[in-house]
file work-v1.cif (mmCIF, C-alpha atoms)
data_target
loop_
_atom_site.label_atom_id
_atom_site.label_comp_id
_atom_site.auth_asym_id
_atom_site.auth_seq_id
_atom_site.Cartn_x
_atom_site.Cartn_y
_atom_site.Cartn_z
CA MET A 17 -27.12 -19.66 -17.02
CA ILE A 18 -26.24 -19.90 -13.33
CA LEU A 19 -22.51 -20.56 -13.69
CA PRO A 20 -21.40 -16.91 -13.18
CA ALA A 21 -23.49 -16.72 -10.02
CA ALA A 22 -22.04 -20.03 -8.83
CA LEU A 23 -18.52 -18.70 -9.35
CA LEU A 24 -19.30 -15.54 -7.40
CA LEU A 25 -20.76 -17.67 -4.61
CA LEU A 26 -17.62 -19.82 -4.61
CA GLY A 27 -15.44 -16.71 -4.41
CA ALA A 28 -17.48 -15.32 -1.52
CA LEU A 29 -17.32 -18.66 0.29
CA THR A 30 -13.54 -18.80 -0.15
CA ALA A 31 -13.18 -15.21 1.08
CA VAL A 32 -15.17 -15.99 4.23
CA VAL A 33 -14.03 -19.50 5.15
CA ALA A 34 -10.31 -19.48 4.28
CA PRO A 35 -9.27 -16.52 6.54
CA ARG A 36 -11.16 -18.07 9.46
CA LEU A 37 -9.44 -21.40 8.98
CA LEU A 38 -6.05 -19.70 8.80
CA ALA A 39 -6.79 -17.65 11.91
CA ARG A 40 -7.63 -20.80 13.88
CA ALA A 41 -4.60 -22.76 12.65
CA ASP A 42 -1.49 -22.88 14.81
CA TRP A 43 1.05 -23.43 12.04
CA PRO A 44 1.23 -20.04 10.19
CA ASP A 45 3.53 -18.54 12.84
CA ARG A 46 5.69 -21.66 12.70
CA GLU A 47 5.87 -21.68 8.91
CA PRO A 48 5.48 -18.07 7.70
CA VAL A 49 6.74 -18.80 4.19
CA VAL A 50 4.09 -21.48 3.69
CA ALA A 51 1.47 -19.17 5.21
CA LEU A 52 2.45 -16.41 2.78
CA TRP A 53 1.91 -18.81 -0.12
CA VAL A 54 -1.45 -20.00 1.24
CA TRP A 55 -2.72 -16.44 1.62
CA GLN A 56 -1.66 -15.58 -1.92
CA CYS A 57 -3.46 -18.65 -3.27
CA VAL A 58 -6.64 -17.78 -1.35
CA VAL A 59 -6.72 -14.23 -2.69
CA ALA A 60 -5.84 -15.47 -6.17
CA ALA A 61 -8.78 -17.89 -6.01
CA VAL A 62 -11.15 -15.06 -5.11
CA LEU A 63 -9.87 -12.94 -7.99
CA VAL A 64 -10.05 -15.87 -10.43
CA CYS A 65 -13.68 -16.46 -9.45
CA CYS A 66 -14.49 -12.84 -10.20
CA ALA A 67 -12.57 -12.88 -13.50
CA LEU A 68 -14.27 -16.06 -14.74
CA SER A 69 -17.68 -14.82 -13.67
CA MET A 70 -17.06 -11.56 -15.54
CA THR A 71 -15.94 -13.40 -18.67
CA LEU A 72 -18.93 -15.77 -18.76
CA SER A 73 -21.38 -12.97 -17.96
CA ALA A 74 -19.95 -10.85 -20.78
CA ALA A 75 -20.14 -13.84 -23.15
CA ALA A 76 -23.78 -14.32 -22.25
CA ALA A 77 -24.64 -10.62 -22.52
CA TRP A 78 -22.92 -9.80 -25.80
CA SER A 79 -22.65 -12.23 -28.70
CA ALA A 80 -19.43 -10.61 -29.94
CA VAL A 81 -17.70 -11.44 -26.66
CA GLY A 82 -19.18 -14.92 -26.65
CA GLY A 83 -17.91 -15.49 -30.16
CA HIS A 84 -14.35 -14.74 -29.06
CA VAL A 85 -14.57 -16.74 -25.83
CA PHE A 86 -16.00 -19.83 -27.53
CA ALA A 87 -14.36 -19.31 -30.93
CA THR A 88 -12.76 -22.77 -31.07
CA ALA A 89 -15.33 -24.63 -28.98
CA PRO A 90 -17.61 -27.26 -30.53
CA SER A 91 -21.29 -26.36 -30.82
CA ALA A 92 -22.18 -28.89 -28.13
CA VAL A 93 -19.96 -27.04 -25.66
CA VAL A 94 -21.50 -23.67 -26.53
CA GLU A 95 -24.99 -25.11 -26.05
CA ALA A 96 -23.98 -26.58 -22.71
CA TYR A 97 -23.25 -23.11 -21.33
CA ALA A 98 -26.75 -21.91 -22.36
CA LEU A 99 -25.58 -18.42 -23.21
CA GLY A 100 -28.94 -17.44 -24.66
CA THR A 101 -30.80 -17.99 -21.39
CA ALA A 102 -29.08 -15.19 -19.51
CA GLY A 103 -31.21 -12.24 -18.50
CA HIS A 104 -30.39 -8.56 -18.22
CA TRP A 105 -28.37 -9.28 -15.09
CA ALA A 106 -25.52 -10.71 -17.19
CA ALA A 107 -24.52 -7.33 -18.62
CA THR A 108 -24.83 -5.69 -15.21
CA THR A 109 -22.64 -8.34 -13.59
CA ALA A 110 -20.02 -8.15 -16.34
CA VAL A 111 -19.80 -4.35 -16.17
CA ALA A 112 -19.65 -4.31 -12.36
CA LEU A 113 -16.88 -6.90 -12.23
CA ALA A 114 -14.97 -5.19 -15.03
CA CYS A 115 -15.12 -1.92 -13.12
CA GLY A 116 -13.85 -3.74 -10.04
CA GLY A 117 -10.93 -5.14 -12.03
CA LEU A 118 -10.03 -1.74 -13.44
CA TRP A 119 -10.30 -0.21 -9.98
CA SER A 120 -7.94 -2.88 -8.58
CA ALA A 121 -5.41 -2.15 -11.32
CA ALA A 122 -5.70 1.58 -10.65
CA MET A 123 -5.13 1.06 -6.92
CA LEU A 124 -2.05 -1.05 -7.63
CA VAL A 125 -0.65 1.60 -9.97
CA ARG A 126 -1.33 4.27 -7.35
CA GLU A 127 0.39 2.20 -4.66
CA VAL A 128 3.47 1.65 -6.84
CA VAL A 129 3.64 5.32 -7.84
CA ARG A 130 3.35 6.43 -4.22
CA SER A 131 5.98 3.92 -3.15
CA ARG A 132 8.41 5.15 -5.79
CA ALA A 133 7.78 8.75 -4.79
CA ARG A 134 8.49 7.89 -1.14
CA ARG A 135 11.61 6.01 -2.23
CA ARG A 136 12.89 8.98 -4.25
CA LEU A 137 12.25 11.27 -1.29
CA ARG A 138 14.09 8.96 1.09
CA ARG A 139 17.02 8.66 -1.32
CA ALA A 140 17.20 12.43 -1.59
CA GLU A 141 17.14 12.76 2.20
CA LEU A 142 19.75 10.02 2.46
CA LEU A 143 22.04 11.77 -0.04
CA ASP A 144 21.60 15.02 1.88
CA ARG A 145 22.43 13.44 5.25
CA ALA A 146 25.17 11.17 3.89
CA PRO A 147 26.72 13.00 0.91
CA LEU A 148 29.14 11.27 -1.41
CA LEU A 149 32.80 11.63 -0.57
CA PRO A 150 35.24 13.01 -3.16
CA GLY A 151 35.90 10.32 -5.73
CA GLU A 152 33.02 8.14 -4.52
CA GLU A 153 30.56 7.01 -7.16
CA ARG A 154 26.84 7.02 -6.56
CA GLY A 155 25.52 3.54 -5.83
CA ALA A 156 29.00 2.09 -5.42
CA GLY A 157 28.17 0.46 -2.07
CA ARG A 158 25.06 -1.22 -0.78
CA LEU A 159 25.68 -0.32 2.87
CA VAL A 160 25.20 3.26 4.02
CA VAL A 161 26.01 4.35 7.57
CA LEU A 162 23.87 7.28 8.65
CA GLU A 163 24.51 9.55 11.61
CA GLY A 164 21.58 9.20 13.98
CA GLU A 165 20.74 8.99 17.68
CA ARG A 166 18.01 6.39 17.17
CA PRO A 167 19.07 2.78 16.51
CA ASP A 168 17.54 1.76 13.21
CA ALA A 169 18.21 -0.21 10.06
CA TRP A 170 16.18 -0.54 6.89
CA TRP A 171 16.47 -1.78 3.34
CA LEU A 172 15.88 0.82 0.64
CA PRO A 173 14.78 -0.93 -2.58
CA GLY A 174 15.55 0.46 -5.99
CA ALA A 175 18.44 0.55 -8.42
CA PRO A 176 20.78 -0.06 -6.74
CA PRO A 177 19.22 -1.31 -3.46
CA GLN A 178 20.88 -0.01 -0.33
CA LEU A 179 20.94 -1.03 3.31
CA VAL A 180 20.92 1.90 5.72
CA VAL A 181 22.19 1.58 9.29
CA THR A 182 22.38 4.40 11.82
CA THR A 183 25.42 4.99 13.98
CA ALA A 184 23.27 4.45 17.07
CA ALA A 185 22.48 0.95 15.81
CA LEU A 186 26.17 0.26 15.31
CA ARG A 187 26.82 1.28 18.92
CA ARG A 188 23.93 -0.75 20.33
CA LEU A 189 24.32 -3.97 18.36
CA LYS A 190 26.95 -6.33 19.71
CA GLY A 191 28.93 -8.91 17.76
CA ARG A 192 26.82 -10.92 15.34
CA GLN A 193 23.65 -8.96 16.17
CA LEU A 194 24.45 -6.49 13.40
CA ASP A 195 24.94 -9.39 10.99
CA ALA A 196 21.51 -10.72 12.01
CA VAL A 197 19.88 -7.36 11.31
CA LEU A 198 21.55 -7.17 7.91
CA ALA A 199 20.43 -10.73 7.11
CA HIS A 200 16.87 -9.83 8.14
CA GLU A 201 16.74 -6.87 5.77
CA GLN A 202 18.39 -8.84 2.98
CA GLY A 203 15.75 -11.52 3.45
CA HIS A 204 13.09 -8.91 2.66
CA ALA A 205 14.94 -7.87 -0.48
CA GLN A 206 15.66 -11.36 -1.79
CA ALA A 207 12.04 -12.50 -1.37
CA ARG A 208 10.69 -9.26 -2.92
CA HIS A 209 8.41 -8.69 0.03
CA ASP A 210 7.83 -5.12 -1.13
CA TRP A 211 5.67 -6.37 -4.01
CA LEU A 212 3.57 -8.49 -1.66
CA LEU A 213 2.97 -5.43 0.49
CA HIS A 214 2.11 -3.30 -2.56
CA CYS A 215 -0.47 -5.77 -3.87
CA SER A 216 -2.08 -6.39 -0.49
CA SER A 217 -2.27 -2.66 0.27
CA ALA A 218 -3.77 -1.93 -3.15
CA LEU A 219 -6.57 -4.48 -2.65
CA ALA A 220 -7.26 -3.37 0.93
CA ASP A 221 -7.32 0.33 0.01
CA GLY A 222 -9.38 -0.26 -3.12
CA PHE A 223 -11.99 -2.41 -1.37
CA PRO A 224 -11.99 -1.38 2.30
CA GLN A 225 -15.36 -3.08 2.87
CA VAL A 226 -14.05 -6.52 1.87
CA PRO A 227 -12.67 -8.21 5.03
CA VAL A 228 -10.54 -10.77 3.21
CA PHE A 229 -8.44 -8.06 1.57
CA ALA A 230 -7.91 -6.22 4.87
CA ALA A 231 -6.89 -9.50 6.52
CA PHE A 232 -4.59 -10.21 3.57
CA ARG A 233 -2.80 -6.88 4.03
CA ASP A 234 -2.43 -7.29 7.79
CA GLU A 235 -1.14 -10.84 7.50
CA MET A 236 1.32 -9.91 4.76
CA HIS A 237 2.85 -7.21 6.96
CA ARG A 238 3.12 -9.64 9.86
CA LEU A 239 4.26 -12.75 8.02
CA VAL A 240 6.99 -11.07 5.97
CA GLU A 241 8.63 -9.97 9.22
CA LEU A 242 8.45 -13.51 10.61
CA ALA A 243 9.90 -14.90 7.39
CA ALA A 244 12.78 -12.40 7.50
CA ASP A 245 13.36 -13.26 11.17
CA ASP A 246 13.70 -16.91 10.19
CA THR A 247 16.15 -16.01 7.44
CA ALA A 248 18.35 -14.22 9.96
CA SER A 249 17.99 -16.86 12.69
CA ARG A 250 19.01 -19.68 10.35
CA ARG A 251 22.33 -17.93 9.74
CA PHE A 252 23.09 -16.35 13.10
CA GLY A 253 20.87 -18.08 15.64
CA ARG A 254 17.50 -17.35 17.21
CA LEU A 255 18.91 -15.83 20.39
CA THR A 256 21.17 -13.43 18.48
CA THR A 257 18.30 -12.33 16.25
CA ALA A 258 15.98 -11.83 19.24
CA LEU A 259 18.58 -9.74 21.09
CA ALA A 260 19.09 -7.62 17.96
CA LEU A 261 15.34 -6.95 17.83
CA VAL A 262 15.36 -5.93 21.48
CA GLU A 263 18.33 -3.59 21.02
CA LEU A 264 16.74 -1.87 18.02
CA ASN A 265 13.29 -1.42 19.60
CA GLU A 266 13.99 -1.05 23.31
CA ASP A 267 13.71 2.76 23.23
CA ARG A 268 10.47 2.78 21.22
CA GLY A 269 8.19 1.69 24.03
CA VAL A 270 7.13 -1.55 22.37
CA PHE A 271 7.99 -3.65 25.43
CA GLY A 272 6.05 -1.50 27.91
CA PRO A 273 2.53 -1.95 29.27
CA CYS A 274 1.15 0.32 26.52
CA PRO A 275 3.00 -0.75 23.36
CA ALA A 276 3.28 1.60 20.42
CA ALA A 277 2.37 0.93 16.80
CA GLN A 278 4.95 -1.87 16.52
CA ALA A 279 3.21 -4.07 19.08
CA HIS A 280 4.13 -7.16 17.06
CA VAL A 281 7.81 -6.87 18.05
CA PRO A 282 7.37 -8.52 21.50
CA GLN A 283 5.57 -11.44 19.84
CA ARG A 284 8.43 -11.78 17.36
CA VAL A 285 10.99 -11.80 20.18
CA HIS A 286 9.00 -14.38 22.15
CA ARG A 287 8.70 -16.54 19.05
CA LEU A 288 12.46 -16.45 18.49
CA LEU A 289 13.17 -17.32 22.13
CA THR A 290 10.77 -20.26 22.02
CA PRO A 291 12.29 -23.54 20.80
CA PRO A 292 11.45 -24.01 17.11
CA ASN A 293 8.56 -26.35 16.40
CA ARG A 294 8.50 -26.54 12.64
CA LEU A 295 6.22 -28.73 10.61
CA THR A 296 7.65 -31.79 8.96
CA ALA A 297 8.81 -31.45 5.38
CA ALA A 298 6.01 -33.76 4.24
CA ARG A 299 3.33 -31.61 5.87
CA ARG A 300 4.83 -28.42 4.45
CA LEU A 301 4.73 -30.02 1.03
CA ARG A 302 1.11 -31.09 1.49
CA LEU A 303 0.05 -27.62 2.60
CA THR A 304 1.85 -26.00 -0.33
CA ALA A 305 0.29 -28.42 -2.82
CA ALA A 306 -3.19 -28.04 -1.34
CA ALA A 307 -2.92 -24.25 -1.44
CA SER A 308 -1.76 -24.37 -5.06
CA LEU A 309 -4.95 -26.22 -5.97
CA VAL A 310 -7.25 -23.58 -4.47
CA PRO A 311 -7.08 -21.20 -7.49
CA VAL A 312 -7.57 -24.20 -9.79
CA VAL A 313 -10.97 -25.06 -8.28
CA PRO A 314 -12.89 -22.14 -9.91
CA VAL A 315 -11.26 -22.99 -13.25
CA LEU A 316 -12.51 -26.56 -12.97
CA VAL A 317 -15.97 -25.32 -11.99
CA ALA A 318 -16.04 -23.06 -15.06
CA PHE A 319 -15.08 -26.02 -17.30
CA VAL A 320 -17.69 -28.43 -15.88
CA PRO A 321 -20.45 -27.76 -18.48
CA GLY A 322 -18.02 -28.06 -21.36
CA LEU A 323 -16.45 -31.24 -20.01
CA ARG A 324 -19.88 -32.78 -19.53
CA ALA A 325 -20.81 -31.93 -23.10
CA LEU A 326 -17.61 -33.48 -24.44
CA GLY A 327 -18.01 -36.52 -22.22
#
call {"tool": "encode", "arguments": {"input": "work-v1.cif", "output": "structure tokens"}}
result
Amino acid sequence: MILPAALLLLGALTAVVAPRLLARADWPDREPVVALWVWQCVVAAVLVCCALSMTLSAAAAWSAVGGHVFATAPSAVVEAYALGTAGHWAATTAVALACGGLWSAAMLVREVVRSRARRRLRRAELLDRAPLLPGEERGAGRLVVLEGERPDAWWLPGAPPQLVVTTAALRRLKGRQLDAVLAHEQGHAQARHDWLLHCSSALADGFPQVPVFAAFRDEMHRLVELAADDTASRRFGRLTTALALVELNEDRGVFGPCPAAQAHVPQRVHRLLTPPNRLTAARRLRLTAAASLVPVVPVLVAFVPGLRALG
């Protein structure tokens, strides 16, 4: 039974080829929302390959598992999968992949728990620095103005979500620039970008030796910012959004010869100042549809022996 090995090979091929193709393409920066979807489909395809390989290996190694997996399948289909020809490697493969799945789930739980702990800490610090006024109810407003000498703005998820803006940002941002910053942060919240970052960080931290997961995390952090920039620029203009980015980050050294950790900010500003060159709606639709089919391929591969037997 070579199907589990073929699925693992397909997953490895997807993990190697797809990131390279995306890195060479020129459209992800132009269409960050489509690129986010493509990356999710690629990673989903890799995980589906591993899950199907684990299931078929377990079915071949233990008859009890095979009985549940093929409970309603005709005998011809069961024979087509040749479960009895698997060697001792089937149990080893199934256990290894199951451990990998449990480890991924544990990393995701850890990431969510840590994120909630950081959120509680930030809310406590926020309540300490901006206490409630007499008669004011907690969570009554989504916008919180915080005294601070550094221009900054961030969205604090939770129940209820809150948008925090420092007084320095209010002084620096002119006219509709503040509206653009608020629209940027609201774009993060509406698209639930925090969950994308949690999942990508969990995979990258759980499997640091797997390049596709590290690339997935890095691209998620970059693309969600581009997508939020587009959300703001559609409402308030590309120039206004770019100027707001400059005002918020000018004092952080990101525009100097030795940029700090947020070195992506100059690229974001340059992108906003460049005339938009979006893909046509037809091409965006084709890319989205093609990406949606990527996780379906391993499912079809897993069904090939059964379909042949029925045919």
call {"tool": "atom_distance", "arguments": {"input": "work-v1.cif", "atom1": "CA of Leu219 in chain A", "atom2": "CA of Val315 in chain A"}}
result
21.8 Å
call {"tool": "residues_near_point", "arguments": {"input": "work-v1.cif", "point": "(-4.3, -23.9, -7.7)", "cutoff": "12 Å", "atoms": "only C-alpha atoms", "output": "list in words"}}
result
Trp53, Val54, Gln56, Cys57, Val58, Val59, Ala60, Ala61, Val62, Val64, Leu303, Thr304, Ala305, Ala306, Ala307, Ser308, Leu309, Val310, Pro311, Val312, Val313, Pro314, Val315 and Leu316 of chain A
call {"tool": "closest_residue", "arguments": {"input": "work-v1.cif", "among": "A:Val128, A:Ala244, A:Leu52, A:Ala318", "to": "Phe232 in chain A", "atoms": "all atoms listed in the file"}}
result
A:Leu52
call {"tool": "atom_distance", "arguments": {"input": "work-v1.cif", "atom1": "CA of Val180 in chain A", "atom2": "CA of Leu213 in chain A"}}
result
20.1 Å
call {"tool": "atom_distance", "arguments": {"input": "work-v1.cif", "atom1": "CA of Trp119 in chain A", "atom2": "CA of Phe223 in chain A"}}
result
9.0 Å
call {"tool": "residues_around", "arguments": {"input": "work-v1.cif", "residues": "Phe252 in chain A", "least_positions_apart": "3", "cutoff": "10 Å", "atoms": "all atoms listed in the file", "output": "NGL selection string"}}
result
:A and (192-197 or 199 or 246-249 or 255-257)
call {"tool": "resolve_selection", "arguments": {"input": "work-v1.cif", "expression": "the PyMOL selection byres ((chain A and resi 68-75) around 7)", "output": "PyMOL selection string"}}
result
chain A and resi 20+23-24+64-67+76-79+81-82+85+106-107+109-110+113-114
call {"tool": "write_last_selection", "arguments": {"input": "work-v1.cif", "atoms": "C-alpha atoms", "output": "short mmCIF file (atom, residue, chain, number, x, y, z; two decimals), in the coordinates of the input"}}
result
data_model
loop_
_atom_site.label_atom_id
_atom_site.label_comp_id
_atom_site.auth_asym_id
_atom_site.auth_seq_id
_atom_site.Cartn_x
_atom_site.Cartn_y
_atom_site.Cartn_z
CA PRO A 20 -21.40 -16.91 -13.18
CA LEU A 23 -18.52 -18.70 -9.35
CA LEU A 24 -19.30 -15.54 -7.40
CA VAL A 64 -10.05 -15.87 -10.43
CA CYS A 65 -13.68 -16.46 -9.45
CA CYS A 66 -14.49 -12.84 -10.20
CA ALA A 67 -12.57 -12.88 -13.50
CA ALA A 76 -23.78 -14.32 -22.25
CA ALA A 77 -24.64 -10.62 -22.52
CA TRP A 78 -22.92 -9.80 -25.80
CA SER A 79 -22.65 -12.23 -28.70
CA VAL A 81 -17.70 -11.44 -26.66
CA GLY A 82 -19.18 -14.92 -26.65
CA VAL A 85 -14.57 -16.74 -25.83
CA ALA A 106 -25.52 -10.71 -17.19
CA ALA A 107 -24.52 -7.33 -18.62
CA THR A 109 -22.64 -8.34 -13.59
CA ALA A 110 -20.02 -8.15 -16.34
CA LEU A 113 -16.88 -6.90 -12.23
CA ALA A 114 -14.97 -5.19 -15.03
#
call {"tool": "resolve_selection", "arguments": {"input": "work-v1.cif", "expression": "the PyMOL selection byres ((chain A and resi 37-44) around 10)", "output": "PyMOL selection string"}}
result
chain A and resi 32-36+45-52+54-55+231+235+239+242+293-295+300
call {"tool": "decode", "arguments": {"input": "work-v1.cif", "residues": "range 77-87 of chain A", "atoms": "all heavy atoms", "output": "compact mmCIF listing (two decimals), in the first residue's frame"}}
result
# COMPACT_ATOMS: atom_id res chain seq x y z
N ALA A 77 -2.64 -0.38 9.53
CA ALA A 77 -1.91 -0.97 10.66
C ALA A 77 -2.82 -1.69 11.64
O ALA A 77 -2.44 -2.72 12.21
CB ALA A 77 -1.13 0.12 11.39
N TRP A 78 -4.03 -1.17 11.84
CA TRP A 78 -4.92 -1.74 12.84
C TRP A 78 -6.29 -2.01 12.19
O TRP A 78 -6.92 -1.09 11.65
CB TRP A 78 -5.09 -0.79 14.03
CG TRP A 78 -3.77 -0.51 14.70
CD1 TRP A 78 -3.03 -1.37 15.44
CD2 TRP A 78 -3.05 0.73 14.68
NE1 TRP A 78 -1.88 -0.76 15.89
CE2 TRP A 78 -1.86 0.54 15.43
CE3 TRP A 78 -3.28 1.98 14.09
CZ2 TRP A 78 -0.92 1.54 15.61
CZ3 TRP A 78 -2.33 2.98 14.26
CH2 TRP A 78 -1.18 2.75 15.02
N SER A 79 -6.73 -3.22 12.26
CA SER A 79 -7.98 -3.62 11.62
C SER A 79 -9.19 -2.90 12.23
O SER A 79 -10.17 -2.65 11.53
CB SER A 79 -8.17 -5.14 11.73
OG SER A 79 -8.15 -5.55 13.09
N ALA A 80 -9.13 -2.58 13.50
CA ALA A 80 -10.24 -1.87 14.13
C ALA A 80 -10.43 -0.49 13.50
O ALA A 80 -11.57 -0.06 13.24
CB ALA A 80 -10.00 -1.74 15.64
N VAL A 81 -9.32 0.19 13.24
CA VAL A 81 -9.40 1.51 12.60
C VAL A 81 -9.89 1.35 11.16
O VAL A 81 -10.74 2.10 10.69
CB VAL A 81 -8.04 2.21 12.64
CG1 VAL A 81 -8.11 3.55 11.90
CG2 VAL A 81 -7.58 2.42 14.07
N GLY A 82 -9.34 0.34 10.47
CA GLY A 82 -9.77 0.11 9.10
C GLY A 82 -11.25 -0.22 9.00
O GLY A 82 -11.93 0.18 8.05
N GLY A 83 -11.76 -0.93 10.00
CA GLY A 83 -13.18 -1.26 9.99
C GLY A 83 -14.06 -0.03 10.09
O GLY A 83 -15.13 0.03 9.47
N HIS A 84 -13.60 0.97 10.87
CA HIS A 84 -14.38 2.21 10.98
C HIS A 84 -14.22 3.07 9.73
O HIS A 84 -15.19 3.68 9.27
CB HIS A 84 -13.93 2.99 12.21
CG HIS A 84 -14.44 2.43 13.50
ND1 HIS A 84 -13.77 1.44 14.19
CD2 HIS A 84 -15.56 2.69 14.22
CE1 HIS A 84 -14.46 1.13 15.29
NE2 HIS A 84 -15.55 1.89 15.32
N VAL A 85 -13.02 3.12 9.18
CA VAL A 85 -12.79 3.98 8.01
C VAL A 85 -13.55 3.47 6.80
O VAL A 85 -14.15 4.23 6.04
CB VAL A 85 -11.28 4.07 7.71
CG1 VAL A 85 -11.04 4.82 6.39
CG2 VAL A 85 -10.55 4.76 8.85
N PHE A 86 -13.56 2.15 6.62
CA PHE A 86 -14.21 1.55 5.46
C PHE A 86 -15.49 0.81 5.86
O PHE A 86 -15.85 -0.20 5.25
CB PHE A 86 -13.25 0.59 4.76
CG PHE A 86 -12.04 1.24 4.19
CD1 PHE A 86 -10.85 1.31 4.91
CD2 PHE A 86 -12.06 1.82 2.93
CE1 PHE A 86 -9.73 1.92 4.38
CE2 PHE A 86 -10.95 2.43 2.39
CZ PHE A 86 -9.76 2.50 3.12
N ALA A 87 -16.19 1.31 6.86
CA ALA A 87 -17.37 0.61 7.38
C ALA A 87 -18.45 0.47 6.34
O ALA A 87 -19.10 -0.59 6.24
CB ALA A 87 -17.90 1.34 8.61
